[in-house]
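Contents: one structure, followed by commentary.
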Amino acid sequence: MRALRSFAATAVDSAAIDPGSIAAEDAAAVRALARDARVLAVGEAAHSVADVQTVQDLIVRALVQDPDEDAAPFAAVAIESGFAECLALDAWVGGAGSDADLDAVARDGMTYGFGASPQVQRMLAGLRDWNLAHPERRVRVIGIDLPGSSTSPGPAVRACLARIPALPGDAELLRRADLGGRTEAAIALDRMDPAERADLIAAIRGLIERVRAQDDGIARRAAASLDAFLDELDFVDGPGPDGAPRAYPRERFMADTVRWIAERHGRTILLAHNSHVRRTPLHGRPTLGSLLAAEPGSAYRAIATSYAYGPLVRFEQRSPRPFDCDVLLDHRGPVPGSLEAALERVLPAPETAGAESVAVLLSFDAGVDGDPELAELLAGASGILAGGELDPVDDFPAAFDAVVHLREANRVPGAFERLRTEFGLGTPDAKEQP
């Protein structure tokens with residue numbers, strides 16, 4: 001285990017990261033983990049946590065700016081955000097528009113509200129600066145997720161229609177498919193008349209077939225996101241051919257899209273939640289990472305992130321209607337049996353000077369059989385925190401190549417308030433009968 005001193009909160013300016021702020025030895029440690037990876041995933045311990053996003057930003061910079069001429073450069077950053085929405089974001093990162101467009105492009109181009117984060121915007125601005133200064137090593141930013149924060153097909157319908165020959169009725173299809181923002185769209189789908197819903201699904205399936213007849217890779221991927229979106233609506237859980245739970249259509253689409261990005265552009269950095277990027281199934285169900293890792297020669301590597309003390313967002317459902325819930329902000333600490341608790345047992349005590357901003361990198365490469373100290377550290381650790389609960393991990397070296405652990409983390413400014421306001425759309429009808 002090694003300290004990543006330039007990754008600790010006290011070492012990082014909250015507004016900007018100077019190109020020289022990543023210590024050479026810290027950058028080298030991150031690059032060593034990438035080695036011959038075709039896809040290197042950097043997980044999130046939780047969404048909308050500022051210090052975790054900063055770690056992701058620093059790792060992205062260390063890998064993109066790798067001066068080693070013998071190593072193939074990383075050519076894409078794949079993010080847990082709508083594929084269709086991110087098309088405009090990728091254009092901006094590539095040099096389109098002006099620097100002043102950052103906030104609007106990030107908010108519109110990233111789903112789930114992730115683009116409002118100053119830390120995410122800082123990473124995007126850094127990638128734009130890199131691309132403008134190094135056009136020969138252009139880095140793409142590509143979404144891997146379903147459209148409309150997984151609740152509205154509208155953005156993907158729009159992306160498809162923009163890239164294929166027009167037909168009468170296209171404008172009406174786009175109008176019907178645009179269901180609004182995440183909560184608004186979820187409520188609209190829930191309340192939609194069955195006949196209207198079936199007609200909309202049939203129209204979208206017709207659009208998918210039109211796109212498949214065209215030779216446009218981007219339109220086809222947007223259509224694939226629509227296909228997965230519709231499959232999620234009708235997903236019936238149950239065992240697959242091997243008896244294990246089947247992969248969710250969303251998870252399979254994300255894995256397929258990461259594969260598509262790597263084949264189209266080259267080495268790829270993947271940024272998504274720990275529960276997606278892990279190489280082993282979660283509760284027996286395939287994850288994005290396990291689907292990629294199962295492919296022969298996939299060269300897939302995954303780094304988890306974790307924090308011991310920091311924000312915990314909880315949701316308390318008020319009614320059966322989608323997103324009708326109270327949003328509560330708590331503070332969490334290490335949970336017995338967690339990787340976080342195991343790491344805190346061996347780190348300097350909080351009262352030690354500077355310990356509150358500790359950041360460490362723990363590699364699992366040697367495995368517990370080859371590293372007695374690692375085996376001792378992991379003894380009794382049965383999972384990694386996701387929210388306030390443990391995501392079970394039977395074998396950490398099988399699930400992840402490494403973890404970057406922070407003692408303390410802070411939420412993205414305003415993220416909790418935005419979430420509460422958005423889900424507050426359900427408040428007037430909270431007492432309605434389902």
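For the structure tokens, the naming scheme is as follows: chains receive sequential letters (A, B, ...) according to their order of presentation, residues are indexed from 1 within each chain, and ligands are indexed from 1 in presentation order.
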Hey, what's within 9 Å of Tyr307 of chain A if we count only C-alpha atoms and toss same-chain stuff fewer than 4 positions away? As a list in words, please?
Ala45, Val52, Gly333, Pro334, Glu340, Leu385, Val404, His405, Leu406, Arg407, Glu408 and Ala409 of chain A
Residue subset to file, keeping C-alpha atoms, as a PDB file, in the first residue's frame:
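result-v3.pdb was written with the following content:
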ATOM      1  CA  ALA A  45     -17.661   4.644  -4.405  1.00  0.00           C
ATOM      2  CA  VAL A  52     -14.026  10.652  -5.623  1.00  0.00           C
ATOM      3  CA  GLY A 333     -18.416   5.835   8.651  1.00  0.00           C
ATOM      4  CA  PRO A 334     -16.732   2.466   8.165  1.00  0.00           C
ATOM      5  CA  GLU A 340     -13.176   0.527   4.240  1.00  0.00           C
ATOM      6  CA  LEU A 385     -19.628   0.065   0.737  1.00  0.00           C
ATOM      7  CA  VAL A 404      -7.832   4.133  -4.148  1.00  0.00           C
ATOM      8  CA  HIS A 405      -9.056   4.797  -0.618  1.00  0.00           C
ATOM      9  CA  LEU A 406      -9.789   8.181   0.954  1.00  0.00           C
ATOM     10  CA  ARG A 407     -10.250   8.647   4.659  1.00  0.00           C
ATOM     11  CA  GLU A 408     -12.733  11.466   4.197  1.00  0.00           C
ATOM     12  CA  ALA A 409     -14.851  12.659   1.281  1.00  0.00           C
TER      13      ALA A 409
END
Atomic distance atom CA of Arg197 of chain A - atom CA of Gly143 of chain A, expressed in Å with one decimal:
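Computing the Euclidean distance for atom CA of Arg197 of chain A and atom CA of Gly143 of chain A yields 26.6 Å.
Counting only C-alpha atoms and comparing A:Leu361, A:Val60, A:Ala16, A:Leu292, the residue that lies closest to Gln121 of chain A is A:Ala16.
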Residue with smallest distance to Ala386 of chain A - pool A:Pro311, A:Gly370, A:Gly169, A:Pro348, counting only C-alpha atoms:
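Smallest distance to Ala386 of chain A is found for A:Pro311.
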List every residue of segment 287-357 of chain A that DSSP, applied to the backbone of this structure, places in helix (DSSP H, G or I), and write the result as a ChimeraX atom specification.
/A:288-293,339-346,355-357
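Near segment 260-269 of chain A, within 7 Å and counting only C-alpha atoms, sit Arg38, Val39, Leu40, Ala41, Pro73, Phe74, Ala75, Ala76, Val77 and Ala78 of chain A, not including residues fewer than 5 positions from it in the same chain.
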Go ahead and save the picked residues with C-alpha atoms, as a PDB file, in the first residue's frame.
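Once everything was written out, this is selection_24.pdb:
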ATOM      1  CA  ARG A  38      -7.278  -2.183 -23.333  1.00  0.00           C
ATOM      2  CA  VAL A  39      -9.934  -0.814 -20.981  1.00  0.00           C
ATOM      3  CA  LEU A  40      -9.055   0.599 -17.544  1.00  0.00           C
ATOM      4  CA  ALA A  41     -12.067   1.245 -15.336  1.00  0.00           C
ATOM      5  CA  PRO A  73      -2.106   6.346 -25.743  1.00  0.00           C
ATOM      6  CA  PHE A  74      -5.531   6.316 -24.165  1.00  0.00           C
ATOM      7  CA  ALA A  75      -7.913   7.598 -26.804  1.00  0.00           C
ATOM      8  CA  ALA A  76     -11.305   7.711 -25.085  1.00  0.00           C
ATOM      9  CA  VAL A  77     -13.010   8.318 -21.767  1.00  0.00           C
ATOM     10  CA  ALA A  78     -16.259   6.353 -21.452  1.00  0.00           C
TER      11      ALA A  78
END
Pick out the closest residue to Leu270 of chain A from this set: A:Val393, A:Ala84, A:Val157, A:Val141. Count only C-alpha atoms.
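For Leu270 of chain A, the nearest of the given residues is A:Val141.
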Closest atom pairs, residues of segment 128-198 of chain A within 10 Å of segment 232-239 of chain A, only C-alpha atoms, as a Markdown table:
| residue | atom | partner | partner_atom | distance |
| --- | --- | --- | --- | --- |
| A:Leu146 | CA | A:Glu232 | CA | 9.9 |
| A:Ser150 | CA | A:Glu232 | CA | 9.0 |
| A:Thr151 | CA | A:Leu233 | CA | 9.4 |
| A:Leu189 | CA | A:Leu233 | CA | 9.6 |
Wanna dump the segment 322-428 of chain A-segment 175-188 of chain A contacts at 8 Å for me, each residue with its shortest atom pair and the distance in Å to one decimal, counting only C-alpha atoms, ordered by chain and number, as a Markdown table?
| residue | atom | partner | partner_atom | distance |
| --- | --- | --- | --- | --- |
| A:Pro322 | CA | A:Ala186 | CA | 6.0 |
| A:Phe323 | CA | A:Thr183 | CA | 6.2 |
| A:Glu422 | CA | A:Thr183 | CA | 6.9 |
| A:Phe423 | CA | A:Thr183 | CA | 6.6 |
| A:Leu425 | CA | A:Thr183 | CA | 7.2 |
Residues within 7 Å of Ile142 of chain A, please, as a PyMOL selection string. Count only C-alpha atoms; anything in the same chain fewer than 5 positions from it doesn't count.
chain A and resi 77-79+83+86-87+90
Next, the residues of the selection above should be written as a compact mmCIF listing (two decimals), in the first residue's frame with C-alpha atoms.
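What ended up in again-v6.txt:
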# COMPACT_ATOMS: atom_id res chain seq x y z
CA VAL A 77 -13.01 8.32 -21.77
CA ALA A 78 -16.26 6.35 -21.45
CA ILE A 79 -18.67 7.76 -18.88
CA PHE A 83 -24.76 7.83 -25.27
CA CYS A 86 -22.84 12.86 -24.88
CA LEU A 87 -22.44 13.35 -28.64
CA ASP A 90 -17.65 14.98 -27.18
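Interatomic distance, atom CA of Pro67 of chain A to atom CA of Leu362 of chain A: 24.1 Å.
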Have a look at A:Asp227, A:Asp66, A:Asp26, A:Asp51 and name the one nearest to Ala9 of chain A; count only C-alpha atoms.
A:Asp51
If you count only C-alpha atoms, which residues fall within 7 Å of Arg128 of chain A, apart from same-chain ones fewer than 3 positions away, as a PyMOL selection string?
chain A and resi 93-95+124-125+131-132
Just list as a ChimeraX atom specification whatever in segment 90-150 of chain A DSSP marks as strand (DSSP E or B).
/A:140-145
Since we have the selection now, will you write its residues out, keeping C-alpha atoms, as an mmCIF file, in the first residue's frame?
data_model
loop_
_atom_site.group_PDB
_atom_site.id
_atom_site.type_symbol
_atom_site.label_atom_id
_atom_site.label_comp_id
_atom_site.auth_asym_id
_atom_site.auth_seq_id
_atom_site.Cartn_x
_atom_site.Cartn_y
_atom_site.Cartn_z
ATOM 1 C CA ARG A 140 -12.997 11.280 -27.050
ATOM 2 C CA VAL A 141 -15.631 11.505 -24.300
ATOM 3 C CA ILE A 142 -18.428 9.048 -24.993
ATOM 4 C CA GLY A 143 -21.499 8.072 -22.978
ATOM 5 C CA ILE A 144 -22.278 4.408 -22.439
ATOM 6 C CA ASP A 145 -25.722 4.634 -20.872
#
Considering only C-alpha atoms, can you say which of A:Trp130, A:Tyr248, A:Phe364, A:Phe114 comes closest to Pro413 of chain A?
A:Phe114
Taking only C-alpha atoms into account, name the residue in A:Arg191, A:Arg259, A:Arg345, A:His47 that is nearest to Ala381 of chain A.
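The shortest atom-to-atom distance to Ala381 of chain A comes from A:Arg345.
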Counting only C-alpha atoms, what is within 12 Å of Gln65 of chain A, bar same-chain residues fewer than 4 positions away, as a VMD selection string?
chain A and resid 19 to 20 22 24 27 to 28 30 to 31 57 to 61 69 71 to 75 126 to 127 129 to 131 133 to 134 137 to 139
